[in-house]
>>> print(open('entry.txt').read())   # compact mmCIF, C-alpha atoms and all ligand atoms
# COMPACT_ATOMS: atom_id res chain seq x y z
CA ARG A 58 61.06 11.84 9.39
CA HIS A 59 62.12 14.22 12.13
CA LEU A 60 64.60 11.73 13.58
CA LEU A 61 65.89 11.06 10.12
CA ALA A 62 66.58 14.74 9.56
CA SER A 63 68.22 15.39 12.90
CA SER A 64 70.57 12.41 12.77
CA ALA A 65 71.50 13.40 9.24
CA ALA A 66 72.24 16.90 10.49
CA ALA A 67 74.43 15.55 13.31
CA ALA A 68 76.31 13.37 10.83
CA GLY A 69 76.62 16.38 8.57
CA ALA A 70 78.12 18.45 11.37
CA ALA A 71 80.76 15.75 11.75
CA GLY A 72 81.40 15.89 8.02
CA LEU A 73 80.13 12.36 7.48
CA GLY A 74 76.99 10.82 6.12
CA TRP A 75 75.21 7.83 7.55
CA GLY A 76 77.02 4.53 7.43
CA GLY A 77 80.29 6.24 6.51
CA ARG A 78 79.02 7.13 3.03
CA SER A 79 79.51 10.69 1.87
CA LEU A 80 76.47 12.92 1.96
CA VAL A 81 76.87 13.41 -1.77
CA GLU A 82 76.37 9.70 -2.40
CA GLN A 83 73.43 9.65 -0.05
CA SER A 84 71.90 12.66 -1.78
CA ALA A 85 72.07 10.73 -5.02
CA ALA A 86 70.05 7.98 -3.38
CA SER A 87 67.60 10.78 -2.43
CA THR A 88 66.54 9.05 0.79
CA LEU A 89 67.46 12.19 2.75
CA PRO A 90 65.42 15.34 3.14
CA ASP A 91 66.20 17.91 0.44
CA GLY A 92 68.06 19.98 3.04
CA GLN A 93 70.82 17.35 3.18
CA GLN A 94 71.61 17.59 -0.51
CA ILE A 95 75.17 18.73 -1.04
CA VAL A 96 76.95 20.27 -4.00
CA PRO A 97 80.69 19.55 -3.62
CA PHE A 98 82.72 22.73 -3.10
CA HIS A 99 86.02 21.30 -4.34
CA GLY A 100 86.83 20.50 -7.95
CA SER A 101 88.42 21.94 -11.06
CA HIS A 102 85.70 24.59 -11.46
CA GLN A 103 83.88 26.58 -8.79
CA ALA A 104 80.40 25.40 -7.87
CA GLY A 105 77.37 27.58 -8.60
CA ILE A 106 78.06 27.96 -12.33
CA THR A 107 76.94 24.75 -14.03
CA THR A 108 75.08 23.70 -10.85
CA PRO A 109 71.37 23.50 -11.72
CA PRO A 110 70.18 26.82 -10.30
CA GLN A 111 68.99 26.71 -6.72
CA ALA A 112 65.78 28.49 -5.76
CA HIS A 113 67.42 31.39 -3.90
CA ALA A 114 70.50 33.53 -4.44
CA THR A 115 72.16 36.49 -2.80
CA PHE A 116 74.80 38.39 -4.72
CA VAL A 117 77.10 40.48 -2.53
CA ALA A 118 79.75 42.85 -3.88
CA LEU A 119 82.41 44.02 -1.44
CA ASP A 120 85.07 46.70 -1.64
CA LEU A 121 88.58 46.20 -0.27
CA GLN A 122 89.49 48.48 2.60
CA PRO A 123 92.18 51.03 1.71
CA GLY A 124 95.80 50.08 2.31
CA LEU A 125 95.58 46.30 1.78
CA ASP A 126 98.34 44.30 0.17
CA ARG A 127 98.64 40.91 -1.49
CA SER A 128 99.16 38.95 1.72
CA LEU A 129 95.92 40.30 3.20
CA ILE A 130 94.00 39.41 0.04
CA ILE A 131 95.46 35.89 0.30
CA GLY A 132 94.26 35.75 3.91
CA LEU A 133 90.77 36.83 2.86
CA LEU A 134 90.54 34.23 0.10
CA LYS A 135 91.82 31.50 2.44
CA ALA A 136 89.18 32.40 5.01
CA TRP A 137 86.40 32.40 2.40
CA THR A 138 87.58 29.13 0.84
CA GLN A 139 87.57 27.36 4.21
CA ASP A 140 84.21 28.68 5.30
CA ALA A 141 82.56 28.17 1.89
CA ALA A 142 83.77 24.53 1.79
CA ARG A 143 82.54 23.82 5.32
CA LEU A 144 79.16 25.47 4.80
CA ALA A 145 78.60 23.55 1.53
CA GLU A 146 79.02 20.30 3.49
CA GLY A 147 76.59 21.31 6.21
CA ARG A 148 79.35 22.16 8.69
CA PRO A 149 79.41 25.48 10.55
CA GLY A 150 81.79 28.25 9.52
CA LEU A 151 85.04 28.47 11.51
CA ALA A 152 83.75 31.24 13.79
CA ASP A 153 80.08 30.37 13.53
CA SER A 154 77.94 31.54 16.42
CA GLU A 155 74.81 29.90 14.95
CA PRO A 156 76.14 26.47 13.90
CA GLU A 157 72.65 24.95 13.71
CA LEU A 158 71.87 27.18 10.73
CA ALA A 159 74.52 25.35 8.71
CA ALA A 160 73.15 21.84 9.19
CA ALA A 161 70.86 21.54 6.14
CA PRO A 162 72.75 23.21 3.28
CA SER A 163 70.11 22.45 0.63
CA ARG A 164 72.61 22.47 -2.27
CA LEU A 165 74.40 25.56 -0.95
CA THR A 166 77.07 26.93 -3.27
CA THR A 167 79.35 29.92 -2.84
CA THR A 168 80.98 31.31 -5.98
CA ILE A 169 83.75 33.82 -5.45
CA GLY A 170 84.72 36.54 -7.94
CA LEU A 171 87.49 39.11 -8.25
CA GLY A 172 86.68 42.62 -9.50
CA PRO A 173 89.05 44.77 -11.56
CA ALA A 174 90.68 46.55 -8.59
CA VAL A 175 91.93 43.35 -6.91
CA PHE A 176 94.63 42.98 -9.55
CA GLU A 177 96.03 46.45 -8.83
CA VAL A 178 95.90 46.08 -5.06
CA ALA A 179 97.59 42.66 -5.19
CA GLY A 180 100.31 43.98 -7.49
CA VAL A 181 99.36 41.65 -10.36
CA ALA A 182 97.81 44.21 -12.74
CA ASP A 183 99.37 42.47 -15.76
CA GLN A 184 97.36 39.34 -14.90
CA ARG A 185 93.99 41.08 -15.36
CA PRO A 186 92.36 40.03 -18.64
CA PRO A 187 91.37 43.32 -20.33
CA SER A 188 87.64 42.51 -20.30
CA ILE A 189 87.64 42.21 -16.48
CA ALA A 190 86.66 45.88 -16.41
CA PRO A 191 83.37 47.82 -16.33
CA LEU A 192 81.38 47.30 -19.55
CA PRO A 193 81.69 50.16 -22.04
CA PRO A 194 78.86 52.74 -21.71
CA LEU A 195 75.57 51.52 -23.23
CA PRO A 196 72.78 53.89 -24.33
CA ILE A 197 70.10 51.84 -22.54
CA ASP A 198 71.86 51.96 -19.16
CA ASP A 199 70.67 54.04 -16.23
CA LEU A 200 73.19 52.70 -13.74
CA ASP A 201 72.84 53.21 -10.03
CA PRO A 202 76.06 52.98 -7.97
CA ARG A 203 73.99 51.08 -5.37
CA TYR A 204 74.05 48.07 -7.74
CA SER A 205 77.24 48.57 -9.73
CA GLY A 206 80.93 47.71 -9.49
CA GLY A 207 82.70 45.97 -6.63
CA ASP A 208 86.15 44.55 -5.84
CA LEU A 209 84.94 41.11 -4.77
CA LEU A 210 81.82 39.08 -5.39
CA LEU A 211 80.04 36.39 -3.42
CA GLN A 212 77.29 34.54 -5.24
CA VAL A 213 75.58 32.44 -2.57
CA CYS A 214 72.83 30.07 -3.75
CA SER A 215 70.74 27.46 -1.95
CA ASP A 216 67.25 26.02 -2.10
CA ASP A 217 66.71 27.39 1.42
CA PRO A 218 66.72 31.18 1.93
CA LEU A 219 67.62 30.75 5.62
CA VAL A 220 70.81 28.94 4.60
CA VAL A 221 71.68 31.69 2.11
CA ALA A 222 71.23 34.40 4.76
CA HIS A 223 73.41 32.51 7.26
CA ALA A 224 76.20 31.79 4.74
CA VAL A 225 76.27 35.43 3.58
CA ARG A 226 76.51 36.58 7.18
CA ILE A 227 79.38 34.19 7.99
CA LEU A 228 81.34 35.09 4.87
CA ALA A 229 80.87 38.87 5.09
CA ARG A 230 81.58 38.91 8.83
CA SER A 231 84.75 36.85 8.63
CA VAL A 232 86.48 39.45 6.43
CA ARG A 233 84.98 42.66 7.80
CA SER A 234 88.35 44.17 8.72
CA LEU A 235 89.44 43.72 5.08
CA ALA A 236 86.36 44.39 2.97
CA THR A 237 83.06 46.22 3.33
CA VAL A 238 79.76 45.36 1.66
CA ARG A 239 79.12 47.61 -1.35
CA TRP A 240 75.80 46.15 -2.51
CA THR A 241 73.58 43.15 -1.90
CA GLN A 242 70.98 41.81 -4.30
CA ARG A 243 68.57 39.02 -3.41
CA GLY A 244 66.95 36.87 -6.06
CA PHE A 245 64.70 33.88 -6.40
CA ARG A 246 63.41 31.34 -8.85
CA GLU A 247 60.46 28.98 -8.55
CA ALA A 248 60.50 26.92 -5.34
CA ARG A 249 62.36 23.63 -5.55
CA GLY A 250 59.91 20.80 -6.10
CA SER A 251 57.21 22.99 -7.65
CA HIS A 252 58.13 21.75 -11.13
CA PRO A 253 59.96 18.70 -12.52
CA GLU A 254 63.78 18.84 -12.55
CA GLY A 255 65.11 20.55 -15.66
CA HIS A 256 62.08 22.85 -15.98
CA THR A 257 62.97 26.31 -17.33
CA MET A 258 62.18 29.13 -14.91
CA ARG A 259 59.69 31.93 -15.48
CA ASN A 260 60.61 35.54 -14.91
CA LEU A 261 58.30 38.22 -13.50
CA MET A 262 57.13 39.23 -16.98
CA GLY A 263 55.68 35.71 -17.09
CA GLN A 264 58.06 34.48 -19.79
CA ILE A 265 59.83 31.14 -19.79
CA ASP A 266 63.40 32.36 -19.48
CA GLY A 267 66.50 30.25 -20.16
CA THR A 268 65.29 27.96 -22.96
CA ASN A 269 68.14 28.51 -25.39
CA ASN A 270 70.89 28.41 -22.82
CA PRO A 271 73.94 26.33 -23.75
CA LYS A 272 73.80 22.86 -22.16
CA PRO A 273 76.77 20.84 -20.83
CA GLN A 274 76.21 18.20 -23.55
CA ASP A 275 76.43 20.83 -26.37
CA PRO A 276 79.61 20.74 -28.45
CA GLY A 277 81.72 23.77 -27.53
CA PHE A 278 80.13 24.17 -24.08
CA GLU A 279 83.42 23.76 -22.22
CA GLN A 280 85.25 26.24 -24.49
CA ALA A 281 82.43 28.78 -24.13
CA LEU A 282 82.52 28.59 -20.38
CA TRP A 283 86.02 27.91 -19.12
CA HIS A 284 88.93 30.25 -19.67
CA ASP A 285 91.90 28.74 -21.50
CA ASP A 286 93.98 31.68 -22.74
CA PRO A 287 97.71 30.90 -22.26
CA ALA A 288 98.29 34.63 -21.56
CA TYR A 289 96.44 34.21 -18.22
CA PRO A 290 97.35 30.68 -17.02
CA TRP A 291 96.06 31.38 -13.48
CA LEU A 292 92.51 31.64 -14.86
CA ARG A 293 92.53 28.29 -16.70
CA GLY A 294 89.41 26.41 -15.60
CA GLY A 295 87.93 29.65 -14.31
CA THR A 296 85.56 31.96 -16.10
CA SER A 297 84.20 35.48 -15.99
CA MET A 298 80.89 36.80 -14.79
CA VAL A 299 78.67 39.73 -15.69
CA VAL A 300 75.98 40.74 -13.19
CA ARG A 301 73.40 43.20 -14.54
CA ARG A 302 70.39 44.34 -12.56
CA ILE A 303 67.64 44.90 -15.11
CA ALA A 304 64.47 46.64 -13.91
CA MET A 305 61.15 45.66 -15.51
CA ASP A 306 58.42 48.27 -15.90
CA LEU A 307 55.60 45.91 -15.08
CA ASP A 308 53.03 48.74 -15.04
CA THR A 309 53.48 49.51 -18.76
CA TRP A 310 54.08 45.81 -19.60
CA ASP A 311 50.64 45.09 -18.09
CA GLU A 312 49.06 47.46 -20.63
CA LEU A 313 50.23 45.25 -23.48
CA GLY A 314 47.98 42.53 -24.92
CA ARG A 315 49.16 38.93 -24.74
CA ARG A 316 49.87 38.73 -28.49
CA ASP A 317 52.06 41.84 -28.37
CA ARG A 318 53.96 40.45 -25.39
CA GLU A 319 54.65 37.30 -27.37
CA LEU A 320 55.76 39.30 -30.42
CA SER A 321 58.18 41.30 -28.26
CA ILE A 322 60.06 38.14 -27.26
CA GLY A 323 59.38 35.98 -30.32
CA ARG A 324 58.05 33.13 -28.17
CA THR A 325 54.63 32.18 -26.76
CA LEU A 326 53.91 32.81 -23.10
CA GLY A 327 52.14 29.48 -22.53
CA THR A 328 54.78 26.97 -23.63
CA GLY A 329 57.76 29.21 -24.43
CA ALA A 330 57.71 27.78 -27.98
CA PRO A 331 59.05 30.06 -30.72
CA LEU A 332 56.23 31.75 -32.67
CA THR A 333 57.10 29.39 -35.55
CA GLY A 334 56.84 26.20 -33.42
CA THR A 335 54.68 24.38 -30.90
CA ARG A 336 57.08 23.10 -28.22
CA GLU A 337 59.53 24.98 -26.00
CA HIS A 338 62.66 23.55 -27.58
CA ASP A 339 61.55 23.70 -31.22
CA PRO A 340 64.20 25.66 -33.14
CA PRO A 341 62.88 29.10 -34.19
CA ASP A 342 62.54 29.72 -37.94
CA PHE A 343 63.57 33.35 -38.42
CA GLY A 344 62.99 33.08 -42.21
CA ALA A 345 59.31 32.07 -41.92
CA THR A 346 56.78 34.66 -43.09
CA ASP A 347 52.99 34.95 -43.00
CA ARG A 348 50.80 35.22 -46.10
CA PHE A 349 51.64 38.94 -46.37
CA GLY A 350 55.37 38.20 -46.34
CA ILE A 351 55.82 39.56 -42.81
CA PRO A 352 58.28 37.61 -40.61
CA ILE A 353 56.44 35.51 -38.00
CA ILE A 354 59.22 36.19 -35.46
CA PRO A 355 59.75 39.97 -35.67
CA PRO A 356 63.38 40.94 -36.39
CA SER A 357 63.02 43.47 -33.55
CA SER A 358 62.03 40.76 -31.02
CA HIS A 359 64.31 39.88 -28.14
CA ILE A 360 65.25 36.41 -29.44
CA ALA A 361 65.98 37.75 -32.94
CA ARG A 362 68.32 40.39 -31.48
CA ALA A 363 69.88 38.24 -28.72
CA ARG A 364 70.43 35.10 -30.82
CA ALA A 365 74.11 34.30 -31.52
CA GLN A 366 75.11 35.70 -34.91
CA ALA A 367 78.62 34.26 -34.73
CA PRO A 368 79.72 30.92 -33.23
CA GLU A 369 81.58 32.61 -30.36
CA GLU A 370 78.53 34.63 -29.18
CA VAL A 371 77.52 32.00 -26.63
CA PHE A 372 77.33 32.40 -22.85
CA LEU A 373 75.53 30.83 -19.93
CA ARG A 374 72.66 32.83 -18.38
CA ARG A 375 72.05 32.02 -14.71
CA GLY A 376 69.83 34.85 -13.58
CA TYR A 377 67.39 35.30 -10.73
CA ASN A 378 64.19 37.30 -10.32
CA TYR A 379 64.06 40.14 -7.84
CA ASP A 380 60.98 41.72 -6.31
CA ASP A 381 61.83 44.45 -3.83
CA PRO A 382 59.63 47.01 -2.07
CA PRO A 383 58.37 49.60 -4.58
CA GLU A 384 59.61 53.18 -4.55
CA PRO A 385 56.95 55.71 -3.43
CA GLY A 386 54.23 56.08 -6.08
CA ARG A 387 55.09 52.81 -7.85
CA THR A 388 53.36 49.44 -7.64
CA SER A 389 56.41 47.25 -8.17
CA ASN A 390 60.20 47.17 -8.07
CA SER A 391 60.91 43.99 -9.97
CA GLY A 392 63.27 42.67 -12.56
CA LEU A 393 66.10 40.28 -13.24
CA ILE A 394 69.48 39.90 -11.61
CA PHE A 395 70.84 38.93 -15.01
CA ALA A 396 74.01 36.91 -14.42
CA THR A 397 76.13 35.36 -17.17
CA PHE A 398 79.24 33.19 -17.27
CA GLN A 399 81.58 33.05 -20.26
CA ALA A 400 85.28 32.49 -20.92
CA ASP A 401 85.69 35.92 -22.53
CA ILE A 402 83.29 38.83 -21.99
CA ALA A 403 84.59 40.89 -24.94
CA LYS A 404 84.21 38.11 -27.51
CA GLN A 405 81.11 36.32 -26.27
CA PHE A 406 78.89 38.62 -24.20
CA LEU A 407 79.58 42.14 -25.39
CA PRO A 408 78.56 41.80 -29.07
CA VAL A 409 75.16 40.48 -27.96
CA GLN A 410 74.75 43.12 -25.27
CA GLN A 411 75.68 45.88 -27.74
CA ARG A 412 73.25 44.57 -30.35
CA ILE A 413 70.46 44.56 -27.76
CA ALA A 414 71.45 48.08 -26.64
CA GLU A 415 71.25 49.26 -30.26
CA PHE A 416 67.78 47.90 -30.66
CA ASP A 417 65.51 45.32 -29.04
CA VAL A 418 61.82 45.96 -28.60
CA LEU A 419 62.05 44.52 -25.05
CA ASN A 420 64.07 47.62 -24.07
CA GLU A 421 60.73 49.47 -24.00
CA TRP A 422 59.94 47.73 -20.69
CA THR A 423 63.38 46.99 -19.26
CA THR A 424 66.20 49.22 -17.97
CA PRO A 425 69.63 48.08 -16.77
CA VAL A 426 70.17 49.80 -13.44
CA GLY A 427 73.22 47.91 -12.18
CA SER A 428 76.32 46.41 -13.77
CA ALA A 429 79.42 44.62 -12.49
CA VAL A 430 82.09 42.33 -13.89
CA PHE A 431 84.24 39.73 -12.11
CA ALA A 432 86.91 37.14 -12.87
CA ILE A 433 85.89 33.78 -11.40
CA PRO A 434 89.03 31.82 -10.45
CA PRO A 435 89.05 28.06 -11.11
CA GLY A 436 88.00 25.70 -8.34
CA CYS A 437 90.46 24.17 -5.88
CA GLU A 438 91.17 20.90 -4.11
CA PRO A 439 90.97 20.37 -0.31
CA GLY A 440 93.82 22.16 1.49
CA ASP A 441 94.19 24.72 -1.30
CA TYR A 442 92.45 28.11 -1.63
CA LEU A 443 90.68 29.92 -4.46
CA GLY A 444 92.88 32.32 -6.42
CA ARG A 445 96.25 30.83 -5.33
CA ALA A 446 97.57 30.57 -8.90
CA LEU A 447 97.07 34.33 -9.28
CA LEU A 448 98.53 35.40 -5.97
CA GLU A 449 101.48 33.08 -5.27
C1 LIG A 501 66.44 34.74 -24.56
C2 LIG A 501 64.04 37.41 -21.33
C3 LIG A 501 67.82 40.43 -21.02
C4 LIG A 501 70.36 37.45 -23.82
C5 LIG A 501 65.46 35.23 -23.74
C6 LIG A 501 64.13 34.68 -23.63
C7 LIG A 501 63.48 35.42 -22.72
C8 LIG A 501 64.37 36.44 -22.25
C9 LIG A 501 62.06 35.23 -22.23
C10 LIG A 501 63.58 33.51 -24.46
C11 LIG A 501 63.82 32.18 -23.84
C12 LIG A 501 65.26 31.79 -23.73
O1 LIG A 501 65.88 31.26 -24.67
O2 LIG A 501 65.80 32.03 -22.64
C13 LIG A 501 64.87 38.47 -20.98
C14 LIG A 501 64.49 39.54 -20.09
C15 LIG A 501 65.54 40.39 -20.02
C16 LIG A 501 66.59 39.85 -20.84
C17 LIG A 501 63.15 39.65 -19.40
C18 LIG A 501 65.69 41.66 -19.22
C19 LIG A 501 64.99 41.93 -18.14
C20 LIG A 501 68.83 39.89 -21.77
C21 LIG A 501 70.14 40.48 -21.92
C22 LIG A 501 70.85 39.63 -22.70
C23 LIG A 501 69.99 38.53 -23.05
C24 LIG A 501 70.60 41.79 -21.30
C25 LIG A 501 72.29 39.71 -23.17
C26 LIG A 501 73.10 40.69 -22.98
C27 LIG A 501 69.52 36.47 -24.23
C28 LIG A 501 69.93 35.38 -25.11
C29 LIG A 501 68.79 34.62 -25.34
C30 LIG A 501 67.73 35.23 -24.60
C31 LIG A 501 71.33 35.13 -25.65
C32 LIG A 501 68.70 33.37 -26.23
C33 LIG A 501 68.35 33.80 -27.63
C34 LIG A 501 68.22 32.60 -28.55
O3 LIG A 501 69.26 32.09 -28.94
O4 LIG A 501 67.09 32.20 -28.82
N1 LIG A 501 65.59 36.30 -22.89
N2 LIG A 501 66.14 38.68 -21.40
N3 LIG A 501 68.78 38.72 -22.47
N4 LIG A 501 68.20 36.34 -23.95
FE1 LIG A 501 67.16 37.54 -22.73
>>> encode(input="entry.txt", output="structure tokens", more="lines below")
Ligand code: HEM
Amino acid sequence: RHLLASSAAAAGAAGLGWGGRSLVEQSAASTLPDGQQIVPFHGSHQAGITTPPQAHATFVALDLQPGLDRSLIIGLLKAWTQDAARLAEGRPGLADSEPELAAAPSRLTTTIGLGPAVFEVAGVADQRPPSIAPLPPLPIDDLDPRYSGGDLLLQVCSDDPLVVAHAVRILARSVRSLATVRWTQRGFREARGSHPEGHTMRNLMGQIDGTNNPKPQDPGFEQALWHDDPAYPWLRGGTSMVVRRIAMDLDTWDELGRRDRELSIGRTLGTGAPLTGTREHDPPDFGATDRFGIPIIPPSSHIARARAQAPEEVFLRRGYNYDDPPEPGRTSNSGLIFATFQADIAKQFLPVQQRIAEFDVLNEWTTPVGSAVFAIPPGCEPGDYLGRALLE
């Protein structure tokens, strides 16, 4: 097993799999250790969006140094594209002083985003879709600048936290004369292999979280996800991303009985089934009432408030749990790094977010403390770089 892994790593460093087959093909055969599994970097969309979520993620927002121009931003995106592609394949970054840390990428993906200021700095302000801007103020927000805003985003995900740490280091270091780290948020899901593939994750409130996410086979999935507005042709095949850090008050949540917790979401904790069903994916019946005429799924519950009320209110949630050291006097500092992808934030995400901000019983135990918005350029082919259609 050891020999198997090390020869695979050596082949990976050369960019080849065993027997001349690509590592992707070999991964499909699943004869290799999980560390050798590769998610292709190149393609029409960036990786790390529809990729089944890896166990670990680090989100890094960076700010451009003052005085940059378009050519320097192009240089930065070229450097990131090259390194991100190499690291995804298990090859070291171009100036990698720890190349061994790249050898088992474990489905590593790097997703690169552009914050609102990039468009100004690059002199292409008219190419910024209007919703690539901070979200309008929301009454539930208690935003901390330590987790908000940013000119550039790196979303680095892998099933191995060591690989994530190394990739983040390579990518942040390679552009340090051009951009400085503004915030970093580390998140995790259940360990890979602890549940069958396709299992929906649990969050730190104990809920099954992600059940009614759009699926690639759903009609309208492509339109919901990928930008196709002729006014912004550079973004065709790209998308937009909202990253919200949402703190959970687990101390007061713990005081709630199990039934009340279930009523607050509208789903059971055991199976994730709606309160009107028995299995996780049973469709909820919001019209069903008990013998007193009281709705079984409370209209104030999270799923009743968050559920799409118009066909366009659909977006992909791809969040991660966080569990950081508690502030003095507290027992936990936990929550969700709530990340969504959608073609258009204003049409798809914002109506839902505003409805939740107006009222949602879950707000009693959750507080958004960070918020940032990014355009996610389409993917690229080998030899090209991310964002070229915007900048050239
Ligand atoms: C559904 C948890 C914040 C949008 C759910 C579900 C849970 C959950 C357990 C039910 C299972 C599922 O379908 O995924 C949470 C927690 C949050 C949070 C713990 C904060 C810490 C948000 C926010 C939004 C949102 C801020 C949007 C702005 C949705 C949507 C659904 C959903 C669209 C699916 C509703 C449906 O169609 O049934 N969430 N959520 N959630 N949540 Fe959240």
>>> closest_residue(input="entry.txt", among="A:Ile197, A:Ala145, A:Leu332, A:Leu393", to="A:Gln410", atoms="only C-alpha atoms")
A:Ile197
>>> closest_residue(input="entry.txt", among="A:Thr424, A:Thr346, A:Thr333, A:Asn390", to="ligand LIG 501 (chain A)", atoms="all atoms listed in the file")
A:Thr424
>>> atom_distance(input="entry.txt", atom1="atom CA of A:Glu279", atom2="atom CA of A:Pro368")
13.6 Å
>>> closest_residue(input="entry.txt", among="A:Ala190, A:Ile360, A:Leu448, A:Ala367", to="ligand LIG 501 (chain A)", atoms="only C-alpha atoms and all ligand atoms")
A:Ile360
>>> atom_distance(input="entry.txt", atom1="atom CA of A:Ala112", atom2="atom CA of A:Gln399")
21.9 Å
>>> closest_atom_pairs(input="entry.txt", of="chain A", to="ligand LIG 501 (chain A)", cutoff="8 Å", atoms="only C-alpha atoms and all ligand atoms", output="CSV")
residue,atom,partner,partner_atom,distance
A:Arg259,CA,A:LIG501,C9,7.9
A:Asn260,CA,A:LIG501,C17,6.6
A:Leu261,CA,A:LIG501,C17,7.8
A:Met262,CA,A:LIG501,C17,6.5
A:Gln264,CA,A:LIG501,C9,4.7
A:Ile265,CA,A:LIG501,C9,5.3
A:Asp266,CA,A:LIG501,O2,4.0
A:Gly267,CA,A:LIG501,O2,3.1
A:Thr268,CA,A:LIG501,O1,3.8
A:Asn269,CA,A:LIG501,O1,3.6
A:Asn270,CA,A:LIG501,O1,6.1
A:Arg301,CA,A:LIG501,C24,7.5
A:Ile303,CA,A:LIG501,C19,5.0
A:Ala304,CA,A:LIG501,C19,6.4
A:Met305,CA,A:LIG501,C19,6.0
A:Ile322,CA,A:LIG501,C9,6.1
A:Gly323,CA,A:LIG501,C10,7.6
A:Arg324,CA,A:LIG501,C10,6.7
A:Gly329,CA,A:LIG501,C11,6.8
A:Pro341,CA,A:LIG501,O4,7.5
A:His359,CA,A:LIG501,N1,6.5
A:Ile360,CA,A:LIG501,C33,4.4
A:Ala361,CA,A:LIG501,O4,7.0
A:Arg362,CA,A:LIG501,C33,7.6
A:Ala363,CA,A:LIG501,C31,4.6
A:Arg364,CA,A:LIG501,O3,3.7
A:Ala365,CA,A:LIG501,O3,5.9
A:Val371,CA,A:LIG501,C31,7.0
A:Phe372,CA,A:LIG501,C31,7.2
A:Arg374,CA,A:LIG501,C4,7.5
A:Gly392,CA,A:LIG501,C19,5.9
A:Leu393,CA,A:LIG501,C19,5.3
A:Phe395,CA,A:LIG501,C3,6.9
A:Phe406,CA,A:LIG501,C26,6.3
A:Leu407,CA,A:LIG501,C26,7.1
A:Val409,CA,A:LIG501,C26,5.4
A:Gln410,CA,A:LIG501,C26,3.7
A:Gln411,CA,A:LIG501,C26,7.5
A:Ile413,CA,A:LIG501,C26,6.7
A:Leu419,CA,A:LIG501,C15,7.4
A:Asn420,CA,A:LIG501,C18,7.9
A:Thr423,CA,A:LIG501,C19,5.4
A:Thr424,CA,A:LIG501,C19,7.4
A:Pro425,CA,A:LIG501,C24,7.8
>>> closest_atom_pairs(input="entry.txt", of="stretch 117-143 of chain A", to="stretch 173-186 of chain A", cutoff="9 Å", atoms="only C-alpha atoms", output="JSON lines")
{"residue": "A:Asp120", "atom": "CA", "partner": "A:Ala174", "partner_atom": "CA", "distance": 8.9}
{"residue": "A:Leu121", "atom": "CA", "partner": "A:Val175", "partner_atom": "CA", "distance": 8.0}
{"residue": "A:Gly124", "atom": "CA", "partner": "A:Val178", "partner_atom": "CA", "distance": 8.4}
{"residue": "A:Leu125", "atom": "CA", "partner": "A:Val178", "partner_atom": "CA", "distance": 6.9}
{"residue": "A:Asp126", "atom": "CA", "partner": "A:Ala179", "partner_atom": "CA", "distance": 5.7}
{"residue": "A:Arg127", "atom": "CA", "partner": "A:Ala179", "partner_atom": "CA", "distance": 4.2}
{"residue": "A:Ser128", "atom": "CA", "partner": "A:Ala179", "partner_atom": "CA", "distance": 8.0}
{"residue": "A:Leu129", "atom": "CA", "partner": "A:Ala179", "partner_atom": "CA", "distance": 8.9}
{"residue": "A:Ile130", "atom": "CA", "partner": "A:Ala179", "partner_atom": "CA", "distance": 7.1}
{"residue": "A:Ile131", "atom": "CA", "partner": "A:Ala179", "partner_atom": "CA", "distance": 9.0}
>>> write_last_selection(input="entry.txt", atoms="C-alpha atoms", output="PDB file, in the coordinates of the input")
ATOM      1  CA  ASP A 120      85.070  46.700  -1.640  1.00  0.00           C
ATOM      2  CA  LEU A 121      88.580  46.200  -0.270  1.00  0.00           C
ATOM      3  CA  GLY A 124      95.800  50.080   2.310  1.00  0.00           C
ATOM      4  CA  LEU A 125      95.580  46.300   1.780  1.00  0.00           C
ATOM      5  CA  ASP A 126      98.340  44.300   0.170  1.00  0.00           C
ATOM      6  CA  ARG A 127      98.640  40.910  -1.490  1.00  0.00           C
ATOM      7  CA  SER A 128      99.160  38.950   1.720  1.00  0.00           C
ATOM      8  CA  LEU A 129      95.920  40.300   3.200  1.00  0.00           C
ATOM      9  CA  ILE A 130      94.000  39.410   0.040  1.00  0.00           C
ATOM     10  CA  ILE A 131      95.460  35.890   0.300  1.00  0.00           C
TER      11      ILE A 131
END
>>> closest_residue(input="entry.txt", among="A:Glu421, A:Asp286, A:Asp347, A:Glu254", to="A:Asp306", atoms="all atoms listed in the file")
A:Glu421
>>> atom_distance(input="entry.txt", atom1="atom CA of A:Phe349", atom2="atom CA of A:Arg336")
24.7 Å
>>> residues_near_point(input="entry.txt", point="(93.3, 27.2, 3.5)", cutoff="6 Å", atoms="only C-alpha atoms", output="CSV table (one decimal) with C-alpha atoms, keeping the file's coordinate frame")
chain,number,residue,atom,x,y,z
A,135,LYS,CA,91.8,31.5,2.4
A,139,GLN,CA,87.6,27.4,4.2
A,440,GLY,CA,93.8,22.2,1.5
A,441,ASP,CA,94.2,24.7,-1.3
A,442,TYR,CA,92.4,28.1,-1.6
>>> closest_residue(input="entry.txt", among="A:Gly427, A:Pro271, A:Gly344, A:Gly436", to="A:Pro191", atoms="all atoms listed in the file")
A:Gly427
>>> closest_residue(input="entry.txt", among="A:Ser231, A:Ser101, A:Ser215, A:Thr335", to="A:Ala114", atoms="all atoms listed in the file")
A:Ser215
>>> residues_around(input="entry.txt", residues="A:Gln242", least_positions_apart="2", cutoff="10 Å", atoms="all atoms listed in the file", output="list in words")
Ala114, Thr115, Phe116, Val117, Ala118, Arg203, Tyr204, Gln212, Trp240, Gly244, Arg302, Tyr377, Tyr379, Asp381 and Ile394 of chain A
>>> residues_near_point(input="entry.txt", point="(89.1, 29.6, -24.3)", cutoff="10 Å", atoms="all atoms listed in the file", output="JSON, numbers by chain")
{"A": [277, 279, 280, 281, 282, 283, 284, 285, 286, 287, 293, 294, 296, 399, 400, 401]}
